[in-house]
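A.B. asks: Sharing a structure with you now.
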Number of protein chains: 2
Amino acid sequence: MDRYVELLRKKGLKVTPQRLEILRYLDKNRIHPNIERIYSDLKKGHPSLSKTTVYNVIDDLSRADLLQILTIDRFEILCDFKAEPHHHFLCKECHKVYDLDGDFSCHLLEKIRSEGFQVDEVHGYFKGTCRSCSKGKKEE
Amino acid sequence: MDRYVELLRKKGLKVTPQRLEILRYLDKNRIHPNIERIYSDLKKGHPSLSKTTVYNVIDDLSRADLLQILTIDRFEILCDFKAEPHHHFLCKECHKVYDLDGDFSCHLLEKIRSEGFQVDEVHGYFKGTCRSCSKGKKEE
DNA sequence: TCCAAGTTTATAATGGTTACAAGATTATAA
DNA sequence: TTATAATCTTGTAACCATTATAAACTTGGA
Ligand SMILES: [Mn+2]
Ligand SMILES: [Mn+2]
Ligand SMILES: [Zn+2]
Ligand SMILES: [Zn+2]
C-alpha cells in the first residue's frame with residue numbers, strides 16, 4: 001500500500017487525491033515551500049486544485065502532525081514534511097532555509113525540564129549568511 | 001539624559017514622544033505584547049496615537065536593533081525589548097511566552113559555524129505546557 | 001529663528017487568509 | 001455491489017491585519 005495512504009489512514013484522515021499529492025510533494029521537495037509555492041507547483045498537474053484546499057489540507061496535516069509549520073520567517077508560513085526532528089538556518093541574503101541535522105541538546109533544555117516545563121517542541125532557528133553568500137561577498 | 005533618548009540618538013533615529021513611549025513601554029513591560037496590545041495600552045495615556053505609528057515605530061526600532069520581533073507564534077508578531085540574548089517558551093495552554101535565561105551553546109551551533117555559516121541570530125523556541133498549567137491539569 | 005528632512009496621523013487600498021454553501025467524494029455497512 | 005452519512009473540495013465572497021498615501025506637524029541643525 002502507498003506510503004502516504006498509510007500515513008493518512010493512521011491519523012484517521014480520509015484519503016483524497018489532494019491530500020496525497022500535497023503530502024507527496026512535501027516529502028519529495030524539502031524546500032520549505034510557502035502556500036503559494038505549493039499551490040502553483042501542484043496546479044500544473046491538477047488544474048482544478050483550489051487554493052482553499054491547500055490551506056485546508058495544510059491545516060489538517062499539521063494538526064495530524066504529518067507536517068510542521070515553520071515560523072522562522074516573519075513574512076510567510078513555510079511548510080516542512082515531518083521527518084526526523086531538525087532545525088533551520090535562514091540566510092538573510094538569499095532567503096534560503098537550510099535544514100540542520102544534528103540534535104541540539106543544550107543545558108537550557110535540561111534546565112527548564114527540571115524546573116517543571118513540559119517541553120513538546122524545540123525549534124532552533126538560526127539566521128545569518130550562508131556559505132555561498134559569504135563567498136560571493138568577499139569576491140566583490 | 002534619559003536612557004531612551006540616548007538609545008535613539010545612538011542609532012541615529014530622531015527622538016519623538018511616540019518612539020520614546022513605545023521603547024519605555026517595552027522595557028518596562030516584558031510581556032511580549034503584540035501590536036494591538038501596545039497600541040491599546042499606550043492609547044490610554046496618549047489618545048491621538050495612531051496604529052500606523054505603532055507599526056512604523058516597531059519597524060524602525062527593530063531595524064535599529066533596539067527590539068526583536070519574535071515569530072514563536074504563527075498567528076501574531078510579538079515584540080521584545082532587546083536586552084541580553086535569551087530564548088522563549090510558549091505554553092500551548094495559557095499562551096504565555098516565558099523568557100528563558102541562560103545561553104544555549106550547543107554542538108549544532110559550533111558545527112554550522114565551522115562549516116562556514118555566519119550566524120548572527122539564534123532563536124530558541126520551546127513549546128509545551130508550563131508548570132502552572134500542568135499542575136492545573138493534574139488536579140482535574 | 002528658519003528650513004529641510006523626517007515623522008505622525010487619518011484615510012484608503014491591498015492582499016493573504018478564512019467563511020460559506022453547493023456539489024463531489026469517501027468510508028462503511030447492508 | 002449499492003445506499004447513506006460524513007466528510008472534503010471548490011469558487012466566491014467576506015474579513016481584517018498590514019501597508020500605502022498625502023497632508024499637517026515635529027525635529028535637529030544651520
Ligand atoms: Mn526542514
Ligand atoms: Mn523575551
Ligand atoms: Zn545565502
Ligand atoms: Zn501555561
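Naming scheme: A, B, ... for chains in displayed order of the C-alpha cells; residues 1 onward per chain; ligands 1 onward as shown.
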Distance limit 12 Å, atoms considered: only C-alpha atoms (C1' of nucleotides). Which chain C residues sit that close to chain B? Return them as a PyMOL selection string.
C.D. replies: chain C and resi 5-11+17
A.B. asks: Enumerate as a count of residues only the residues belonging to chain D that approach chain B to within 10 Å, with only C-alpha atoms (C1' of nucleotides) taken into account.
C.D. replies: 6
A.B. asks: Could you find all residues in segment 110-139 of chain B that DSSP calls alpha helix (DSSP H) from the backbone, and write them as a list in words?
C.D. replies: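 Here are the alpha helix (DSSP H) residues of segment 110-139 of chain B: Glu110, Lys111, Ile112, Arg113, Ser114, Arg131, Ser132, Cys133, Ser134, Lys135, Gly136, Lys137, Lys138 and Glu139 of chain B.
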A.B. asks: Export N, CA and C atoms of the chosen residues as an mmCIF file, in the first residue's frame?
C.D. replies:
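As written to disk, out_31.cif reads:
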```cif
data_model
loop_
_atom_site.group_PDB
_atom_site.id
_atom_site.type_symbol
_atom_site.label_atom_id
_atom_site.label_comp_id
_atom_site.auth_asym_id
_atom_site.auth_seq_id
_atom_site.Cartn_x
_atom_site.Cartn_y
_atom_site.Cartn_z
ATOM 1 N N GLU B 110 28.065 25.266 17.025
ATOM 2 C CA GLU B 110 29.501 25.206 16.716
ATOM 3 C C GLU B 110 29.746 24.555 15.366
ATOM 4 N N LYS B 111 29.003 23.484 15.129
ATOM 5 C CA LYS B 111 29.184 22.720 13.894
ATOM 6 C C LYS B 111 28.919 23.578 12.654
ATOM 7 N N ILE B 112 27.777 24.269 12.642
ATOM 8 C CA ILE B 112 27.467 25.006 11.421
ATOM 9 C C ILE B 112 28.397 26.204 11.251
ATOM 10 N N ARG B 113 28.850 26.777 12.370
ATOM 11 C CA ARG B 113 29.824 27.870 12.256
ATOM 12 C C ARG B 113 31.094 27.347 11.600
ATOM 13 N N SER B 114 31.509 26.155 12.008
ATOM 14 C CA SER B 114 32.742 25.595 11.433
ATOM 15 C C SER B 114 32.544 25.228 9.966
ATOM 16 N N ARG B 131 4.579 25.101 33.936
ATOM 17 C CA ARG B 131 4.402 24.434 35.209
ATOM 18 C C ARG B 131 3.012 24.645 35.788
ATOM 19 N N SER B 132 2.554 25.903 35.798
ATOM 20 C CA SER B 132 1.247 26.112 36.449
ATOM 21 C C SER B 132 0.136 25.428 35.672
ATOM 22 N N CYS B 133 0.260 25.344 34.341
ATOM 23 C CA CYS B 133 -0.786 24.661 33.578
ATOM 24 C C CYS B 133 -0.737 23.144 33.783
ATOM 25 N N SER B 134 0.447 22.560 33.923
ATOM 26 C CA SER B 134 0.470 21.100 34.147
ATOM 27 C C SER B 134 -0.102 20.779 35.522
ATOM 28 N N LYS B 135 0.178 21.618 36.503
ATOM 29 C CA LYS B 135 -0.405 21.430 37.830
ATOM 30 C C LYS B 135 -1.913 21.428 37.743
ATOM 31 N N GLY B 136 -2.449 22.440 37.106
ATOM 32 C CA GLY B 136 -3.885 22.557 36.953
ATOM 33 C C GLY B 136 -4.501 21.299 36.373
ATOM 34 N N LYS B 137 -3.816 20.735 35.380
ATOM 35 C CA LYS B 137 -4.327 19.534 34.715
ATOM 36 C C LYS B 137 -4.404 18.335 35.656
ATOM 37 N N LYS B 138 -3.345 18.156 36.452
ATOM 38 C CA LYS B 138 -3.311 17.020 37.369
ATOM 39 C C LYS B 138 -4.469 17.046 38.356
ATOM 40 N N GLU B 139 -4.793 18.264 38.791
ATOM 41 C CA GLU B 139 -5.837 18.422 39.808
ATOM 42 C C GLU B 139 -7.250 18.164 39.292
#
```
A.B. asks: Do you know which residues are within 9 Å of ligand 2 using only C-alpha atoms (C1' of nucleotides) and all ligand atoms? Can you write them as a PDB file with all heavy atoms, in the first residue's frame?
C.D. replies:
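pocket-v4.pdb, freshly written:
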```
ATOM      1  N   ARG B  30       7.842  43.502  30.038  1.00  0.00           N
ATOM      2  CA  ARG B  30       8.443  42.395  29.281  1.00  0.00           C
ATOM      3  C   ARG B  30       7.445  41.262  29.132  1.00  0.00           C
ATOM      4  O   ARG B  30       7.634  40.174  29.673  1.00  0.00           O
ATOM      5  CB  ARG B  30       9.695  41.914  30.026  1.00  0.00           C
ATOM      6  CG  ARG B  30      10.716  43.005  30.326  1.00  0.00           C
ATOM      7  CD  ARG B  30      11.345  43.557  29.056  1.00  0.00           C
ATOM      8  NE  ARG B  30      12.371  44.529  29.374  1.00  0.00           N
ATOM      9  CZ  ARG B  30      13.682  44.233  29.454  1.00  0.00           C
ATOM     10  NH1 ARG B  30      14.104  43.019  29.238  1.00  0.00           N
ATOM     11  NH2 ARG B  30      14.554  45.184  29.739  1.00  0.00           N
ATOM     12  N   ILE B  31       6.362  41.554  28.438  1.00  0.00           N
ATOM     13  CA  ILE B  31       5.288  40.577  28.297  1.00  0.00           C
ATOM     14  C   ILE B  31       5.113  40.118  26.853  1.00  0.00           C
ATOM     15  O   ILE B  31       4.157  39.458  26.522  1.00  0.00           O
ATOM     16  CB  ILE B  31       3.953  41.158  28.798  1.00  0.00           C
ATOM     17  CG1 ILE B  31       3.651  42.469  28.052  1.00  0.00           C
ATOM     18  CG2 ILE B  31       4.004  41.395  30.297  1.00  0.00           C
ATOM     19  CD1 ILE B  31       2.306  43.082  28.399  1.00  0.00           C
ATOM     20  N   HIS B  32       6.049  40.527  25.987  1.00  0.00           N
ATOM     21  CA  HIS B  32       5.973  40.139  24.576  1.00  0.00           C
ATOM     22  C   HIS B  32       4.627  40.498  23.971  1.00  0.00           C
ATOM     23  O   HIS B  32       3.924  39.633  23.453  1.00  0.00           O
ATOM     24  CB  HIS B  32       6.270  38.640  24.414  1.00  0.00           C
ATOM     25  CG  HIS B  32       7.500  38.205  25.152  1.00  0.00           C
ATOM     26  ND1 HIS B  32       7.442  37.525  26.332  1.00  0.00           N
ATOM     27  CD2 HIS B  32       8.806  38.375  24.886  1.00  0.00           C
ATOM     28  CE1 HIS B  32       8.670  37.288  26.772  1.00  0.00           C
ATOM     29  NE2 HIS B  32       9.522  37.799  25.913  1.00  0.00           N
ATOM     30  N   GLN B  68      13.525  43.109  19.351  1.00  0.00           N
ATOM     31  CA  GLN B  68      13.447  41.987  18.428  1.00  0.00           C
ATOM     32  C   GLN B  68      12.000  41.553  18.271  1.00  0.00           C
ATOM     33  O   GLN B  68      11.187  41.719  19.170  1.00  0.00           O
ATOM     34  CB  GLN B  68      14.317  40.814  18.885  1.00  0.00           C
ATOM     35  CG  GLN B  68      13.901  40.170  20.173  1.00  0.00           C
ATOM     36  CD  GLN B  68      14.781  38.955  20.471  1.00  0.00           C
ATOM     37  OE1 GLN B  68      15.104  38.156  19.600  1.00  0.00           O
ATOM     38  NE2 GLN B  68      15.154  38.822  21.723  1.00  0.00           N
ATOM     39  N   LEU B  70       9.560  38.513  17.776  1.00  0.00           N
ATOM     40  CA  LEU B  70       9.504  37.062  17.930  1.00  0.00           C
ATOM     41  C   LEU B  70       8.527  36.479  16.929  1.00  0.00           C
ATOM     42  O   LEU B  70       7.472  37.050  16.668  1.00  0.00           O
ATOM     43  CB  LEU B  70       9.033  36.690  19.340  1.00  0.00           C
ATOM     44  CG  LEU B  70       9.797  37.280  20.512  1.00  0.00           C
ATOM     45  CD1 LEU B  70       9.277  36.681  21.823  1.00  0.00           C
ATOM     46  CD2 LEU B  70      11.282  37.030  20.381  1.00  0.00           C
ATOM     47  N   CYS B  79       6.564  41.482  20.271  1.00  0.00           N
ATOM     48  CA  CYS B  79       7.701  42.399  20.378  1.00  0.00           C
ATOM     49  C   CYS B  79       8.417  42.218  21.708  1.00  0.00           C
ATOM     50  O   CYS B  79       7.793  42.000  22.740  1.00  0.00           O
ATOM     51  CB  CYS B  79       7.224  43.840  20.266  1.00  0.00           C
ATOM     52  SG  CYS B  79       6.410  44.175  18.702  1.00  0.00           S
ATOM     53  N   ASP B  80       9.720  42.353  21.651  1.00  0.00           N
ATOM     54  CA  ASP B  80      10.545  42.112  22.824  1.00  0.00           C
ATOM     55  C   ASP B  80      11.659  43.151  22.874  1.00  0.00           C
ATOM     56  O   ASP B  80      12.427  43.288  21.933  1.00  0.00           O
ATOM     57  CB  ASP B  80      11.164  40.715  22.686  1.00  0.00           C
ATOM     58  CG  ASP B  80      11.583  40.138  24.023  1.00  0.00           C
ATOM     59  OD1 ASP B  80      11.429  40.821  25.042  1.00  0.00           O
ATOM     60  OD2 ASP B  80      12.075  38.995  24.032  1.00  0.00           O
ATOM     61  N   PHE B  81      11.712  43.908  23.974  1.00  0.00           N
ATOM     62  CA  PHE B  81      12.790  44.863  24.159  1.00  0.00           C
ATOM     63  C   PHE B  81      14.116  44.112  24.059  1.00  0.00           C
ATOM     64  O   PHE B  81      14.264  43.029  24.608  1.00  0.00           O
ATOM     65  CB  PHE B  81      12.664  45.533  25.526  1.00  0.00           C
ATOM     66  CG  PHE B  81      13.641  46.638  25.748  1.00  0.00           C
ATOM     67  CD1 PHE B  81      13.386  47.909  25.250  1.00  0.00           C
ATOM     68  CD2 PHE B  81      14.816  46.417  26.455  1.00  0.00           C
ATOM     69  CE1 PHE B  81      14.291  48.945  25.455  1.00  0.00           C
ATOM     70  CE2 PHE B  81      15.731  47.454  26.657  1.00  0.00           C
ATOM     71  CZ  PHE B  81      15.459  48.717  26.152  1.00  0.00           C
ATOM     72  N   LYS B  82      15.053  44.682  23.342  1.00  0.00           N
ATOM     73  CA  LYS B  82      16.300  43.965  23.101  1.00  0.00           C
ATOM     74  C   LYS B  82      17.261  44.122  24.252  1.00  0.00           C
ATOM     75  O   LYS B  82      18.008  45.078  24.328  1.00  0.00           O
ATOM     76  CB  LYS B  82      16.962  44.455  21.818  1.00  0.00           C
ATOM     77  CG  LYS B  82      18.059  43.550  21.335  1.00  0.00           C
ATOM     78  CD  LYS B  82      17.645  42.898  20.047  1.00  0.00           C
ATOM     79  CE  LYS B  82      18.753  42.069  19.437  1.00  0.00           C
ATOM     80  NZ  LYS B  82      18.399  41.685  18.069  1.00  0.00           N
ATOM     81  N   ALA B  83      17.225  43.184  25.162  1.00  0.00           N
ATOM     82  CA  ALA B  83      18.169  43.206  26.269  1.00  0.00           C
ATOM     83  C   ALA B  83      19.183  42.100  25.977  1.00  0.00           C
ATOM     84  O   ALA B  83      19.540  41.882  24.835  1.00  0.00           O
ATOM     85  CB  ALA B  83      17.432  42.974  27.568  1.00  0.00           C
ATOM     86  N   PRO B  85      20.633  38.546  25.112  1.00  0.00           N
ATOM     87  CA  PRO B  85      20.039  37.480  24.305  1.00  0.00           C
ATOM     88  C   PRO B  85      19.401  36.445  25.222  1.00  0.00           C
ATOM     89  O   PRO B  85      19.951  36.113  26.275  1.00  0.00           O
ATOM     90  CB  PRO B  85      21.232  36.861  23.572  1.00  0.00           C
ATOM     91  CG  PRO B  85      22.341  37.841  23.673  1.00  0.00           C
ATOM     92  CD  PRO B  85      22.087  38.651  24.903  1.00  0.00           C
ATOM     93  N   HIS B  86      18.234  35.995  24.848  1.00  0.00           N
ATOM     94  CA  HIS B  86      17.567  34.974  25.653  1.00  0.00           C
ATOM     95  C   HIS B  86      16.593  34.235  24.754  1.00  0.00           C
ATOM     96  O   HIS B  86      16.355  34.641  23.618  1.00  0.00           O
ATOM     97  CB  HIS B  86      16.848  35.618  26.843  1.00  0.00           C
ATOM     98  CG  HIS B  86      15.791  36.600  26.448  1.00  0.00           C
ATOM     99  ND1 HIS B  86      16.065  37.900  26.117  1.00  0.00           N
ATOM    100  CD2 HIS B  86      14.458  36.466  26.307  1.00  0.00           C
ATOM    101  CE1 HIS B  86      14.954  38.527  25.804  1.00  0.00           C
ATOM    102  NE2 HIS B  86      13.952  37.666  25.892  1.00  0.00           N
ATOM    103  N   HIS B  87      16.014  33.166  25.270  1.00  0.00           N
ATOM    104  CA  HIS B  87      15.142  32.347  24.444  1.00  0.00           C
ATOM    105  C   HIS B  87      13.750  32.278  25.053  1.00  0.00           C
ATOM    106  O   HIS B  87      13.491  32.947  26.053  1.00  0.00           O
ATOM    107  CB  HIS B  87      15.785  30.982  24.235  1.00  0.00           C
ATOM    108  CG  HIS B  87      17.135  31.124  23.611  1.00  0.00           C
ATOM    109  ND1 HIS B  87      17.299  31.467  22.300  1.00  0.00           N
ATOM    110  CD2 HIS B  87      18.389  31.061  24.140  1.00  0.00           C
ATOM    111  CE1 HIS B  87      18.588  31.588  22.031  1.00  0.00           C
ATOM    112  NE2 HIS B  87      19.275  31.357  23.131  1.00  0.00           N
ATOM    113  N   HIS B  88      12.862  31.515  24.424  1.00  0.00           N
ATOM    114  CA  HIS B  88      11.448  31.620  24.803  1.00  0.00           C
ATOM    115  C   HIS B  88      10.728  30.286  24.854  1.00  0.00           C
ATOM    116  O   HIS B  88      11.016  29.378  24.072  1.00  0.00           O
ATOM    117  CB  HIS B  88      10.739  32.573  23.834  1.00  0.00           C
ATOM    118  CG  HIS B  88      11.253  33.962  23.904  1.00  0.00           C
ATOM    119  ND1 HIS B  88      12.303  34.403  23.125  1.00  0.00           N
ATOM    120  CD2 HIS B  88      10.914  35.021  24.704  1.00  0.00           C
ATOM    121  CE1 HIS B  88      12.574  35.664  23.433  1.00  0.00           C
ATOM    122  NE2 HIS B  88      11.756  36.057  24.383  1.00  0.00           N
ATOM    123  N   VAL B  97       4.160  33.563  26.970  1.00  0.00           N
ATOM    124  CA  VAL B  97       5.515  33.360  26.461  1.00  0.00           C
ATOM    125  C   VAL B  97       6.494  33.686  27.573  1.00  0.00           C
ATOM    126  O   VAL B  97       6.544  34.823  28.041  1.00  0.00           O
ATOM    127  CB  VAL B  97       5.787  34.244  25.229  1.00  0.00           C
ATOM    128  CG1 VAL B  97       7.235  34.118  24.797  1.00  0.00           C
ATOM    129  CG2 VAL B  97       4.859  33.876  24.082  1.00  0.00           C
ATOM    130  N   TYR B  98       7.252  32.697  27.999  1.00  0.00           N
ATOM    131  CA  TYR B  98       8.212  32.862  29.086  1.00  0.00           C
ATOM    132  C   TYR B  98       9.590  33.183  28.533  1.00  0.00           C
ATOM    133  O   TYR B  98       9.994  32.646  27.509  1.00  0.00           O
ATOM    134  CB  TYR B  98       8.322  31.570  29.889  1.00  0.00           C
ATOM    135  CG  TYR B  98       7.102  31.209  30.698  1.00  0.00           C
ATOM    136  CD1 TYR B  98       6.012  30.573  30.108  1.00  0.00           C
ATOM    137  CD2 TYR B  98       7.040  31.492  32.056  1.00  0.00           C
ATOM    138  CE1 TYR B  98       4.886  30.232  30.847  1.00  0.00           C
ATOM    139  CE2 TYR B  98       5.925  31.154  32.807  1.00  0.00           C
ATOM    140  CZ  TYR B  98       4.851  30.525  32.194  1.00  0.00           C
ATOM    141  OH  TYR B  98       3.750  30.194  32.930  1.00  0.00           O
ATOM    142  N   ASP B  99      10.297  34.069  29.242  1.00  0.00           N
ATOM    143  CA  ASP B  99      11.701  34.294  28.923  1.00  0.00           C
ATOM    144  C   ASP B  99      12.532  33.186  29.536  1.00  0.00           C
ATOM    145  O   ASP B  99      12.299  32.793  30.685  1.00  0.00           O
ATOM    146  CB  ASP B  99      12.167  35.629  29.525  1.00  0.00           C
ATOM    147  CG  ASP B  99      11.773  36.805  28.664  1.00  0.00           C
ATOM    148  OD1 ASP B  99      11.665  36.637  27.449  1.00  0.00           O
ATOM    149  OD2 ASP B  99      11.582  37.903  29.218  1.00  0.00           O
ATOM    150  N   LEU B 100      13.496  32.703  28.791  1.00  0.00           N
ATOM    151  CA  LEU B 100      14.405  31.684  29.303  1.00  0.00           C
ATOM    152  C   LEU B 100      15.793  32.276  29.378  1.00  0.00           C
ATOM    153  O   LEU B 100      16.388  32.603  28.347  1.00  0.00           O
ATOM    154  CB  LEU B 100      14.418  30.464  28.375  1.00  0.00           C
ATOM    155  CG  LEU B 100      13.069  29.797  28.118  1.00  0.00           C
ATOM    156  CD1 LEU B 100      13.257  28.621  27.186  1.00  0.00           C
ATOM    157  CD2 LEU B 100      12.420  29.378  29.429  1.00  0.00           C
TER     158      LEU B 100
END
```
A.B. asks: Hey, which residues sit close to ligand 4? Say within 7 Å, counting only C-alpha atoms (C1' of nucleotides) and all ligand atoms, and write them as a PyMOL selection string.
C.D. replies: chain B and resi 91-96+129-133
A.B. asks: Go ahead and save the residues from that selection, with all heavy atoms, as a short mmCIF file (atom, residue, chain, number, x, y, z; two decimals), in the first residue's frame.
C.D. replies:
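Once written, again-v2.cif looks like this:
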```cif
data_model
loop_
_atom_site.label_atom_id
_atom_site.label_comp_id
_atom_site.auth_asym_id
_atom_site.auth_seq_id
_atom_site.Cartn_x
_atom_site.Cartn_y
_atom_site.Cartn_z
N CYS B 91 3.64 28.44 26.17
CA CYS B 91 2.73 27.44 26.74
C CYS B 91 1.50 27.34 25.84
O CYS B 91 0.84 28.34 25.56
CB CYS B 91 2.32 27.83 28.15
SG CYS B 91 1.08 26.70 28.82
N LYS B 92 1.24 26.12 25.38
CA LYS B 92 0.12 25.93 24.46
C LYS B 92 -1.23 26.00 25.18
O LYS B 92 -2.26 26.09 24.54
CB LYS B 92 0.24 24.57 23.78
CG LYS B 92 1.42 24.45 22.83
CD LYS B 92 1.41 23.05 22.21
CE LYS B 92 2.69 22.73 21.47
NZ LYS B 92 2.72 21.30 21.09
N GLU B 93 -1.21 25.92 26.52
CA GLU B 93 -2.46 26.01 27.27
C GLU B 93 -2.84 27.46 27.51
O GLU B 93 -3.90 27.90 27.11
CB GLU B 93 -2.31 25.31 28.63
CG GLU B 93 -1.95 23.84 28.56
CD GLU B 93 -3.11 22.97 28.10
OE1 GLU B 93 -4.27 23.32 28.38
OE2 GLU B 93 -2.86 21.93 27.44
N CYS B 94 -1.95 28.20 28.16
CA CYS B 94 -2.30 29.56 28.58
C CYS B 94 -1.75 30.62 27.61
O CYS B 94 -2.02 31.80 27.78
CB CYS B 94 -1.79 29.84 30.00
SG CYS B 94 -0.01 29.80 30.20
N HIS B 95 -0.99 30.17 26.61
CA HIS B 95 -0.44 31.07 25.59
C HIS B 95 0.50 32.13 26.13
O HIS B 95 0.77 33.11 25.44
CB HIS B 95 -1.57 31.71 24.78
CG HIS B 95 -2.36 30.70 24.00
ND1 HIS B 95 -3.56 30.21 24.42
CD2 HIS B 95 -2.07 30.04 22.87
CE1 HIS B 95 -3.99 29.30 23.56
NE2 HIS B 95 -3.11 29.16 22.62
N LYS B 96 1.00 31.94 27.32
CA LYS B 96 2.01 32.86 27.83
C LYS B 96 3.36 32.54 27.18
O LYS B 96 3.64 31.37 26.89
CB LYS B 96 2.16 32.72 29.36
CG LYS B 96 1.43 33.77 30.16
CD LYS B 96 2.13 34.21 31.44
CE LYS B 96 2.23 33.16 32.51
NZ LYS B 96 2.29 33.73 33.87
N THR B 129 3.84 22.74 27.80
CA THR B 129 2.92 23.15 28.87
C THR B 129 3.75 23.68 30.03
O THR B 129 4.70 23.03 30.46
CB THR B 129 2.09 21.94 29.34
OG1 THR B 129 1.50 21.31 28.20
CG2 THR B 129 0.98 22.38 30.27
N CYS B 130 3.39 24.83 30.51
CA CYS B 130 4.16 25.45 31.59
C CYS B 130 3.81 24.79 32.93
O CYS B 130 2.85 24.02 33.01
CB CYS B 130 3.91 26.95 31.66
SG CYS B 130 2.34 27.43 32.37
N ARG B 131 4.58 25.10 33.94
CA ARG B 131 4.40 24.43 35.21
C ARG B 131 3.01 24.64 35.79
O ARG B 131 2.34 23.70 36.18
CB ARG B 131 5.44 24.90 36.21
CG ARG B 131 5.32 24.14 37.52
CD ARG B 131 6.62 24.01 38.24
NE ARG B 131 7.16 25.30 38.59
CZ ARG B 131 8.26 25.47 39.34
NH1 ARG B 131 8.93 24.41 39.76
NH2 ARG B 131 8.71 26.66 39.62
N SER B 132 2.55 25.90 35.80
CA SER B 132 1.25 26.11 36.45
C SER B 132 0.14 25.43 35.67
O SER B 132 -0.82 24.94 36.27
CB SER B 132 0.96 27.60 36.66
OG SER B 132 1.51 28.38 35.66
N CYS B 133 0.26 25.34 34.34
CA CYS B 133 -0.79 24.66 33.58
C CYS B 133 -0.74 23.14 33.78
O CYS B 133 -1.78 22.50 33.82
CB CYS B 133 -0.68 25.00 32.10
SG CYS B 133 -1.25 26.69 31.75
#
```
A.B. asks: For ligand 1, which residue out of A:Asp27, A:Asp60, A:Asp120, A:Asp2 is the nearest one, using only C-alpha atoms and all ligand atoms?
C.D. replies: A:Asp27
